[in-house]
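Q: What follows is a structure written as structure tokens; I'll ask about it next.
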Amino acid sequence: MKYGVCGNPDMARVAAKAGYDFMEWTVSDVLKPREPVAVFQSVHGLIQSAALPYPVLNCFVPGDLKLTGPEVDRRALQDFVTTVFERAGTVGVEVIVFGSGGARRIPDGFDRRLAQDQLIWFGSMLAPLAQDHGVTVVLEPLNRGECNTLNTCAECAELVGAIAHPAFRLLVDAYHMMKDGDPVSDITRHAGLLRHTHIATTTNRLPPGAEPCDFAPFFTALKAGGYDGRVSIEAKVTDPALELPAALATMRSLS
């Protein structure tokens with residue numbers, strides 16, 4: 001497996017020294033999709049000169065750009081994702097994480113079947129565009145405290161199957177799964193769709209090793225499914241020089 005950390009280029013320097021393989025940051029910070037191209041280009045050099053590469057980005061769709069409900073603007077969504085993928089292709093981004101709980105949250109009282117159709121449209125629209133630029137979008141299950149749809153591995157795998165495109169795949173996140181008691185056996189069951197993973201402790205969302213948290217079932221399920229890809233720490237890191245080496249040692253001991 002390859003191990004990474006969600007964070008900025010300052011964090012990347014510490015992560016590189018600790019032995020990590022890659023970094024993950026946000027779509028808005030790296031690609032500036034709502035800013036003129038000159039603003040994006042000003043960040044480009046910062047990313048290219050970082051101590052570790054940034055092949056993965058998260059926080060895909062901003063919360064005010066709705067994916068479900070009566071306020072969905074399909075043209076605005078198409079324009080947004082087109083800009084994202086065009087810029088991603090120029091800086092070596094390979095994977096974009098589709099969590100975006102605020103954007104995909106189904107409004108109270110809205111028909112959930114219609115919302116599901118809207119999400120299928122969105123995934124089906126973006127997947128060919130992503131593929132054209134060498135990007136895979138990975139759908140992230142979010143715990144029920146953060147979103148009211150696409151909460152489990154099985155539910156997300158069902159949507160990935162409905163879209164049925166190689167550029168739209170699945171992510172699993174140890175924090176979200178353990179928070180809601182989502183069975184880790186579903187990781188193995190849907191491992192053929194899996195393209196990225198996140199990890200953090202359940203109690204306080206800290207890096208592995210920073211507080212008690214049993215990640216053994218999570219890693220056992222990944223191994224049983226044959227997953228050997230990237231694992232990103234998506235957590236609150238307060239002392240990178242201390243926490244990142246310990247987290248890497250913890251993950252390597254389990255994988």
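Here, A, B, ... name the chains of the structure tokens in the order displayed, residue numbers run from 1 inside each chain, and ligands are numbered from 1 in the same displayed order.
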Could you list, with a cut-off of 12 Å and counting only C-alpha atoms, the residues of stretch 15-95 of chain A near stretch 222-238 of chain A, each shown with its nearest atom pair and the distance in Å rounded to one decimal, rows sorted by chain and ascending number, as JSON lines?

A:
{"residue": "A:Ala15", "atom": "CA", "partner": "A:Ile233", "partner_atom": "CA", "distance": 10.9}
{"residue": "A:Tyr20", "atom": "CA", "partner": "A:Ser232", "partner_atom": "CA", "distance": 9.8}
{"residue": "A:Asp21", "atom": "CA", "partner": "A:Arg230", "partner_atom": "CA", "distance": 8.9}
{"residue": "A:Phe22", "atom": "CA", "partner": "A:Ser232", "partner_atom": "CA", "distance": 8.5}
{"residue": "A:Met23", "atom": "CA", "partner": "A:Ser232", "partner_atom": "CA", "distance": 7.7}
{"residue": "A:Glu24", "atom": "CA", "partner": "A:Ser232", "partner_atom": "CA", "distance": 7.2}
{"residue": "A:Trp25", "atom": "CA", "partner": "A:Glu234", "partner_atom": "CA", "distance": 9.7}
{"residue": "A:Thr26", "atom": "CA", "partner": "A:Glu234", "partner_atom": "CA", "distance": 11.3}
{"residue": "A:Tyr54", "atom": "CA", "partner": "A:Ser232", "partner_atom": "CA", "distance": 11.3}
{"residue": "A:Pro55", "atom": "CA", "partner": "A:Arg230", "partner_atom": "CA", "distance": 10.0}
{"residue": "A:Val56", "atom": "CA", "partner": "A:Ser232", "partner_atom": "CA", "distance": 9.1}
{"residue": "A:Leu57", "atom": "CA", "partner": "A:Ser232", "partner_atom": "CA", "distance": 10.6}
{"residue": "A:Asn58", "atom": "CA", "partner": "A:Glu234", "partner_atom": "CA", "distance": 9.9}
{"residue": "A:Cys59", "atom": "CA", "partner": "A:Glu234", "partner_atom": "CA", "distance": 11.6}
{"residue": "A:Glu94", "atom": "CA", "partner": "A:Arg230", "partner_atom": "CA", "distance": 11.5}
{"residue": "A:Val95", "atom": "CA", "partner": "A:Arg230", "partner_atom": "CA", "distance": 10.3}

Q: Can you write just those residues out, C-alpha atoms, as a compact mmCIF listing (two decimals), in the first residue's frame?

A:
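Full text of out_27.txt as output:
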# COMPACT_ATOMS: atom_id res chain seq x y z
CA ALA A 15 5.22 13.83 5.76
CA TYR A 20 4.96 8.97 3.33
CA ASP A 21 4.34 8.47 -0.38
CA PHE A 22 1.87 11.19 -1.36
CA MET A 23 -0.36 14.02 -0.21
CA GLU A 24 -4.05 14.85 -0.59
CA TRP A 25 -5.55 18.33 -0.50
CA THR A 26 -8.79 20.00 -1.57
CA TYR A 54 -0.62 15.48 -4.86
CA PRO A 55 -2.29 12.72 -6.91
CA VAL A 56 -5.51 12.86 -4.87
CA LEU A 57 -7.85 15.76 -4.09
CA ASN A 58 -10.96 15.86 -1.90
CA CYS A 59 -13.88 18.22 -1.14
CA GLU A 94 -5.40 11.01 -10.65
CA VAL A 95 -8.22 10.69 -8.10

Q: Stretch 42-104 of chain A: which residues are strand (DSSP E) by DSSP, as an mmCIF file with C-alpha atoms, in the first residue's frame?

A:
data_model
loop_
_atom_site.group_PDB
_atom_site.id
_atom_site.type_symbol
_atom_site.label_atom_id
_atom_site.label_comp_id
_atom_site.auth_asym_id
_atom_site.auth_seq_id
_atom_site.Cartn_x
_atom_site.Cartn_y
_atom_site.Cartn_z
ATOM 1 C CA VAL A 56 -5.508 12.862 -4.868
ATOM 2 C CA LEU A 57 -7.853 15.763 -4.085
ATOM 3 C CA ASN A 58 -10.963 15.859 -1.904
ATOM 4 C CA VAL A 95 -8.220 10.689 -8.098
ATOM 5 C CA ILE A 96 -10.872 13.119 -6.853
ATOM 6 C CA VAL A 97 -12.877 12.212 -3.762
ATOM 7 C CA PHE A 98 -16.616 12.765 -3.987
#

Q: Report the residues of stretch 31-96 of chain A whose backbone DSSP state falls under alpha helix (DSSP H), written as a PyMOL selection string.

A: chain A and resi 31+37-48+74-90

Q: Could you tell me which of A:Ala241, A:Ala50, A:Ile199, A:Val184 comes closest to A:Pro217 if we count only C-alpha atoms?

A: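 Closest to A:Pro217 of all the choices is A:Val184.
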
Q: Choose the residue, out of A:Cys156, A:Leu119, A:Val37, A:Val91, that has the smallest atom-to-atom separation from A:Gly134; count only C-alpha atoms.

A: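 Using only C-alpha atoms, A:Gly134 sits closest to A:Val91.
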
Q: Report as a PyMOL selection string all protein, DNA and RNA residues lying within 12 Å of stretch 70-77 of chain A, evaluated on only C-alpha atoms, omitting residues in the same chain fewer than 4 positions from it.

A: chain A and resi 33-34+60-66+81-84+103-112+114-115+117-119+121-123+125-126

Q: Give me the residues near A:Thr90 as a ChimeraX atom specification, where near means some atom within 9 Å (using only C-alpha atoms) and where sequence neighbours in that chain fewer than 3 positions away do not count.

A: /A:44,85-87,93,133

Q: Hey, can you check how far atom CA of A:Glu140 sits from atom CA of A:Gly99?

A: 5.0 Å

Q: Identify which of the residues A:Gly4, A:Gly181, A:Pro245, A:Pro141 lies closest to A:Glu158, counting only C-alpha atoms when measuring atom-to-atom distances.

A: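 Once distances to A:Glu158 are computed over only C-alpha atoms, the minimum belongs to A:Pro141.
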
Q: As a list in words, please: the residues near A:Ala127 (cut-off 9 Å, only C-alpha atoms, same-chain neighbours under 6 positions excluded).

A: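 Listing them by chain and then by number gives Val135, Thr136, Val137, Ile163, His165, Pro166, Ala167 and Phe168 of chain A.
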
Q: Rounded to one decimal place, report the atom CA of A:Met1-atom CA of A:Gly92 distance in Å.

A: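 Interatomic distance here is 19.6 Å.
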
Q: With a distance cut-off of 7 Å and only C-alpha atoms, select the neighbouring residues of A:His176, excluding the residue or stretch itself and same-chain residues fewer than 4 positions from it, and output the selection as a VMD selection string.

A: chain A and resid 142 to 143 180

Q: Rank nothing, just name the residue among A:Val172, A:Cys213, A:Leu52, A:Ile187 nearest to A:Val14, using only C-alpha atoms.

A: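 Looking only at the distances to A:Val14, the closest residue turns out to be A:Leu52.
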
Q: So how many Å separate atom CA of A:Ala246 and atom CA of A:His196, to one decimal?

A: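 Separation of atom CA of A:Ala246 and atom CA of A:His196: 21.5 Å.
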